[in-house]
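Have a look at the structure below, then the notes.
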Amino acid sequence: MQIPLVMTVIGQDRPGLVETVARMVSEHGGNWLESRMCRLGGEFAGLLRIHVPAEREAALVQALAQLHNQGLTVVVVPDRTGVRAGIRRLAALEIVGQDRPGIVRQITQALARQQVNVEELRTECSSAPMTGEPLFMAKATLRLPENCNLANLRQELDKIAGELLVEADLAELPVSP
């Protein structure tokens, strides 16, 4: 029987980090299913989902804990994908505008009020092409509750975007069967 696990990995970035984790997963008979990994401010951060044989789970978790000696912190938790079962409505949200404190907080407050779950969020700040001013950009994939009125959500996000002087684009995505 395969046990689904989700783990986070964080530590000072250096060559070979991903290979070290991949080797441990493989050595314990695990299967690497999906991951999101990046370098932020000199730190490596990763989130991954694997399957591992039930009889090898404890040994893998123990081996991963030993990576602390190499400056990596690894947290392993059971994969609870069953919580998300059923029909899902998805939407894409894009935000662009001059950077200022509170953009993420105000947008996510509006989403939480409507019981919208943030499935994935990517943000970055860069220099605007003509002015060099800090430009905030965000892309999110959202899981909408069945009773979510997309027009009402769009209206609320547009109001907040106007107050923050950013552009917000919300579009429902097709759901794969």
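Naming works like this for the structure tokens: A, B, ... for the chains as they're shown, residue 1 at the start of each chain, ligands 1 onward in shown order.
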Next on the checklist: Among chain A, which ones does DSSP assign to strand (DSSP E or B) (computed from the backbone)? Answer as a ChimeraX atom specification.
Outcome noted: /A:2-12,31-40,43-53,72-78,89-98,117-127,134-144,166-173
Checklist entry - Neighbours of stretch 90-96 of chain A within 12 Å (only C-alpha atoms; same-chain residues fewer than 3 positions away dropped), as an MDAnalysis selection string? => result chainID A and resid 87 99:100 103:104 107:108 111 116:126 128 134:146 148:150 153:154 157:158 160:162 164:176
Excluding A:Leu67 and residues on its chain fewer than 4 positions from it, collect all residues at most 10 Å away from it, counting only C-alpha atoms, and give them as a PDB file with C-alpha atoms, in the first residue's frame.
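Output file result05.pdb follows:
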ATOM      1  CA  VAL A   9      11.733  21.724   2.500  1.00  0.00           C
ATOM      2  CA  GLY A  11      17.146  25.914   3.770  1.00  0.00           C
ATOM      3  CA  LEU A  17      19.462  20.257  -2.549  1.00  0.00           C
ATOM      4  CA  THR A  20      19.450  15.070  -2.042  1.00  0.00           C
ATOM      5  CA  VAL A  21      15.710  14.976  -1.352  1.00  0.00           C
ATOM      6  CA  GLN A  62      13.551   9.705   9.872  1.00  0.00           C
ATOM      7  CA  ALA A  63      16.068  10.043   7.013  1.00  0.00           C
ATOM      8  CA  GLY A  71      20.890  22.975   7.082  1.00  0.00           C
ATOM      9  CA  LEU A  72      17.581  21.762   5.637  1.00  0.00           C
ATOM     10  CA  THR A  73      14.320  21.770   7.530  1.00  0.00           C
ATOM     11  CA  VAL A  74      11.864  19.163   6.249  1.00  0.00           C
TER      12      VAL A  74
END
Next on the checklist: Going by DSSP on the backbone, which residues of chain A come out as alpha helix (DSSP H)? List them as a VMD selection string.
Outcome noted: chain A and resid 17 to 27 57 to 65 103 to 113 150 to 164
Put those residues in a file: N, CA and C atoms, as a short mmCIF file (atom, residue, chain, number, x, y, z; two decimals), in the first residue's frame.
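The file below, out.cif, is the result:
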data_model
loop_
_atom_site.label_atom_id
_atom_site.label_comp_id
_atom_site.auth_asym_id
_atom_site.auth_seq_id
_atom_site.Cartn_x
_atom_site.Cartn_y
_atom_site.Cartn_z
N LEU A 17 20.52 20.43 -3.55
CA LEU A 17 19.46 20.26 -2.55
C LEU A 17 18.34 19.35 -3.06
N VAL A 18 17.85 19.65 -4.25
CA VAL A 18 16.74 18.87 -4.79
C VAL A 18 17.17 17.43 -5.01
N GLU A 19 18.39 17.23 -5.50
CA GLU A 19 18.89 15.87 -5.73
C GLU A 19 18.96 15.09 -4.43
N THR A 20 19.37 15.74 -3.34
CA THR A 20 19.45 15.07 -2.04
C THR A 20 18.07 14.55 -1.61
N VAL A 21 17.06 15.39 -1.73
CA VAL A 21 15.71 14.98 -1.35
C VAL A 21 15.21 13.89 -2.30
N ALA A 22 15.43 14.08 -3.62
CA ALA A 22 14.98 13.09 -4.61
C ALA A 22 15.64 11.73 -4.36
N ARG A 23 16.92 11.74 -4.02
CA ARG A 23 17.62 10.49 -3.75
C ARG A 23 17.01 9.77 -2.55
N MET A 24 16.71 10.52 -1.49
CA MET A 24 16.13 9.90 -0.30
C MET A 24 14.75 9.30 -0.60
N VAL A 25 13.94 10.04 -1.35
CA VAL A 25 12.62 9.53 -1.71
C VAL A 25 12.78 8.25 -2.51
N SER A 26 13.67 8.26 -3.49
CA SER A 26 13.90 7.09 -4.33
C SER A 26 14.45 5.90 -3.54
N GLU A 27 15.42 6.17 -2.66
CA GLU A 27 16.02 5.10 -1.86
C GLU A 27 15.01 4.41 -0.95
N GLU A 57 7.58 4.31 5.18
CA GLU A 57 7.26 5.70 5.53
C GLU A 57 8.09 6.19 6.71
N ALA A 58 8.10 5.44 7.81
CA ALA A 58 8.81 5.89 9.02
C ALA A 58 10.30 6.07 8.75
N ALA A 59 10.90 5.15 7.99
CA ALA A 59 12.33 5.26 7.69
C ALA A 59 12.62 6.49 6.83
N LEU A 60 11.73 6.79 5.89
CA LEU A 60 11.92 7.98 5.05
C LEU A 60 11.81 9.25 5.89
N VAL A 61 10.80 9.31 6.73
CA VAL A 61 10.61 10.49 7.58
C VAL A 61 11.84 10.69 8.47
N GLN A 62 12.36 9.62 9.02
CA GLN A 62 13.55 9.70 9.87
C GLN A 62 14.77 10.17 9.06
N ALA A 63 14.94 9.64 7.86
CA ALA A 63 16.07 10.04 7.01
C ALA A 63 15.97 11.52 6.64
N LEU A 64 14.76 11.97 6.31
CA LEU A 64 14.57 13.38 5.96
C LEU A 64 14.86 14.29 7.15
N ALA A 65 14.52 13.85 8.34
CA ALA A 65 14.80 14.65 9.55
C ALA A 65 16.31 14.84 9.73
N ILE A 103 -1.64 44.90 -0.31
CA ILE A 103 -2.36 44.38 -1.48
C ILE A 103 -2.80 42.94 -1.24
N VAL A 104 -1.87 42.09 -0.86
CA VAL A 104 -2.20 40.67 -0.66
C VAL A 104 -3.22 40.52 0.46
N ARG A 105 -3.06 41.26 1.54
CA ARG A 105 -3.98 41.16 2.67
C ARG A 105 -5.41 41.53 2.25
N GLN A 106 -5.58 42.65 1.56
CA GLN A 106 -6.93 43.08 1.21
C GLN A 106 -7.59 42.14 0.21
N ILE A 107 -6.84 41.67 -0.77
CA ILE A 107 -7.40 40.75 -1.76
C ILE A 107 -7.78 39.43 -1.10
N THR A 108 -6.89 38.89 -0.26
CA THR A 108 -7.19 37.60 0.37
C THR A 108 -8.30 37.71 1.40
N GLN A 109 -8.48 38.87 2.02
CA GLN A 109 -9.62 39.06 2.92
C GLN A 109 -10.93 38.94 2.14
N ALA A 110 -10.98 39.54 0.97
CA ALA A 110 -12.18 39.47 0.13
C ALA A 110 -12.45 38.03 -0.29
N LEU A 111 -11.40 37.30 -0.64
CA LEU A 111 -11.57 35.90 -1.04
C LEU A 111 -12.06 35.06 0.14
N ALA A 112 -11.49 35.28 1.31
CA ALA A 112 -11.89 34.51 2.50
C ALA A 112 -13.34 34.78 2.87
N ARG A 113 -13.78 36.03 2.74
CA ARG A 113 -15.19 36.36 3.05
C ARG A 113 -16.15 35.56 2.18
N LEU A 150 -19.82 34.53 -9.11
CA LEU A 150 -18.61 35.08 -9.70
C LEU A 150 -18.74 36.58 -9.98
N ALA A 151 -19.89 37.02 -10.40
CA ALA A 151 -20.11 38.44 -10.67
C ALA A 151 -19.95 39.27 -9.39
N ASN A 152 -20.51 38.79 -8.28
CA ASN A 152 -20.37 39.50 -7.01
C ASN A 152 -18.91 39.54 -6.55
N LEU A 153 -18.21 38.40 -6.70
CA LEU A 153 -16.80 38.35 -6.32
C LEU A 153 -15.99 39.31 -7.18
N ARG A 154 -16.24 39.30 -8.48
CA ARG A 154 -15.53 40.21 -9.39
C ARG A 154 -15.78 41.66 -8.99
N GLN A 155 -17.02 41.99 -8.64
CA GLN A 155 -17.37 43.36 -8.25
C GLN A 155 -16.62 43.77 -6.98
N GLU A 156 -16.55 42.87 -6.00
CA GLU A 156 -15.84 43.17 -4.76
C GLU A 156 -14.34 43.35 -5.02
N LEU A 157 -13.77 42.49 -5.86
CA LEU A 157 -12.34 42.62 -6.18
C LEU A 157 -12.06 43.90 -6.97
N ASP A 158 -12.96 44.26 -7.87
CA ASP A 158 -12.79 45.51 -8.64
C ASP A 158 -12.82 46.73 -7.71
N LYS A 159 -13.68 46.69 -6.71
CA LYS A 159 -13.77 47.80 -5.75
C LYS A 159 -12.44 47.94 -5.00
N ILE A 160 -11.92 46.82 -4.52
CA ILE A 160 -10.65 46.83 -3.79
C ILE A 160 -9.51 47.27 -4.72
N ALA A 161 -9.52 46.76 -5.95
CA ALA A 161 -8.48 47.13 -6.93
C ALA A 161 -8.49 48.63 -7.17
N GLY A 162 -9.68 49.22 -7.25
CA GLY A 162 -9.78 50.66 -7.43
C GLY A 162 -9.19 51.43 -6.27
N GLU A 163 -9.45 50.96 -5.05
CA GLU A 163 -8.89 51.61 -3.86
C GLU A 163 -7.38 51.49 -3.80
N LEU A 164 -6.85 50.35 -4.27
CA LEU A 164 -5.41 50.10 -4.22
C LEU A 164 -4.67 50.61 -5.45
#
Checklist entry - For the atom pair atom CA of A:Gly30 and atom CA of A:Met7, what is the interatomic distance in Å to one decimal place? => result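 About the pair atom CA of A:Gly30 and atom CA of A:Met7: they are 12.8 Å apart.
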Next on the checklist: Can you tell me which residues surround A:Val77 at a distance of at most 10 Å, considering only C-alpha atoms, apart from same-chain residues fewer than 4 positions away, and format the answer as an MDAnalysis selection string?
Outcome noted: chainID A and resid 4:8 49 61
Given the selection you just returned, output its residues as a file containing N, CA and C atoms, formatted as a PDB file, in the first residue's frame.
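Below is the file again_24.pdb, written as the result:
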ATOM      1  N   PRO A   4       0.328   8.498   0.751  1.00  0.00           N
ATOM      2  CA  PRO A   4       0.582   9.814   0.160  1.00  0.00           C
ATOM      3  C   PRO A   4       1.069  10.801   1.222  1.00  0.00           C
ATOM      4  N   LEU A   5       2.148  11.509   0.919  1.00  0.00           N
ATOM      5  CA  LEU A   5       2.725  12.476   1.844  1.00  0.00           C
ATOM      6  C   LEU A   5       2.948  13.811   1.133  1.00  0.00           C
ATOM      7  N   VAL A   6       2.874  14.874   1.906  1.00  0.00           N
ATOM      8  CA  VAL A   6       3.232  16.208   1.432  1.00  0.00           C
ATOM      9  C   VAL A   6       4.353  16.687   2.337  1.00  0.00           C
ATOM     10  N   MET A   7       5.370  17.299   1.744  1.00  0.00           N
ATOM     11  CA  MET A   7       6.458  17.795   2.573  1.00  0.00           C
ATOM     12  C   MET A   7       6.900  19.173   2.126  1.00  0.00           C
ATOM     13  N   THR A   8       7.373  19.934   3.098  1.00  0.00           N
ATOM     14  CA  THR A   8       7.997  21.215   2.819  1.00  0.00           C
ATOM     15  C   THR A   8       9.472  21.080   3.140  1.00  0.00           C
ATOM     16  N   ARG A  49       4.789  16.538  -3.204  1.00  0.00           N
ATOM     17  CA  ARG A  49       3.861  15.454  -2.874  1.00  0.00           C
ATOM     18  C   ARG A  49       4.444  14.167  -3.422  1.00  0.00           C
ATOM     19  N   VAL A  61      10.798   9.312   6.729  1.00  0.00           N
ATOM     20  CA  VAL A  61      10.613  10.494   7.577  1.00  0.00           C
ATOM     21  C   VAL A  61      11.843  10.691   8.473  1.00  0.00           C
TER      22      VAL A  61
END
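The coordinates place atom CA of A:Gly97 at 12.5 Å from atom CA of A:Thr131.
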Checklist entry - Which value, in Å to one decimal, gives the distance between atom CA of A:Gly42 and atom CA of A:Gln70? => result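 Those two atoms sit 15.8 Å apart.
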Item to check | All residues 6 Å or closer to A:Ala54, only C-alpha atoms, same chain fewer than 4 positions away omitted, as a ChimeraX atom specification | outcome: /A:1-3
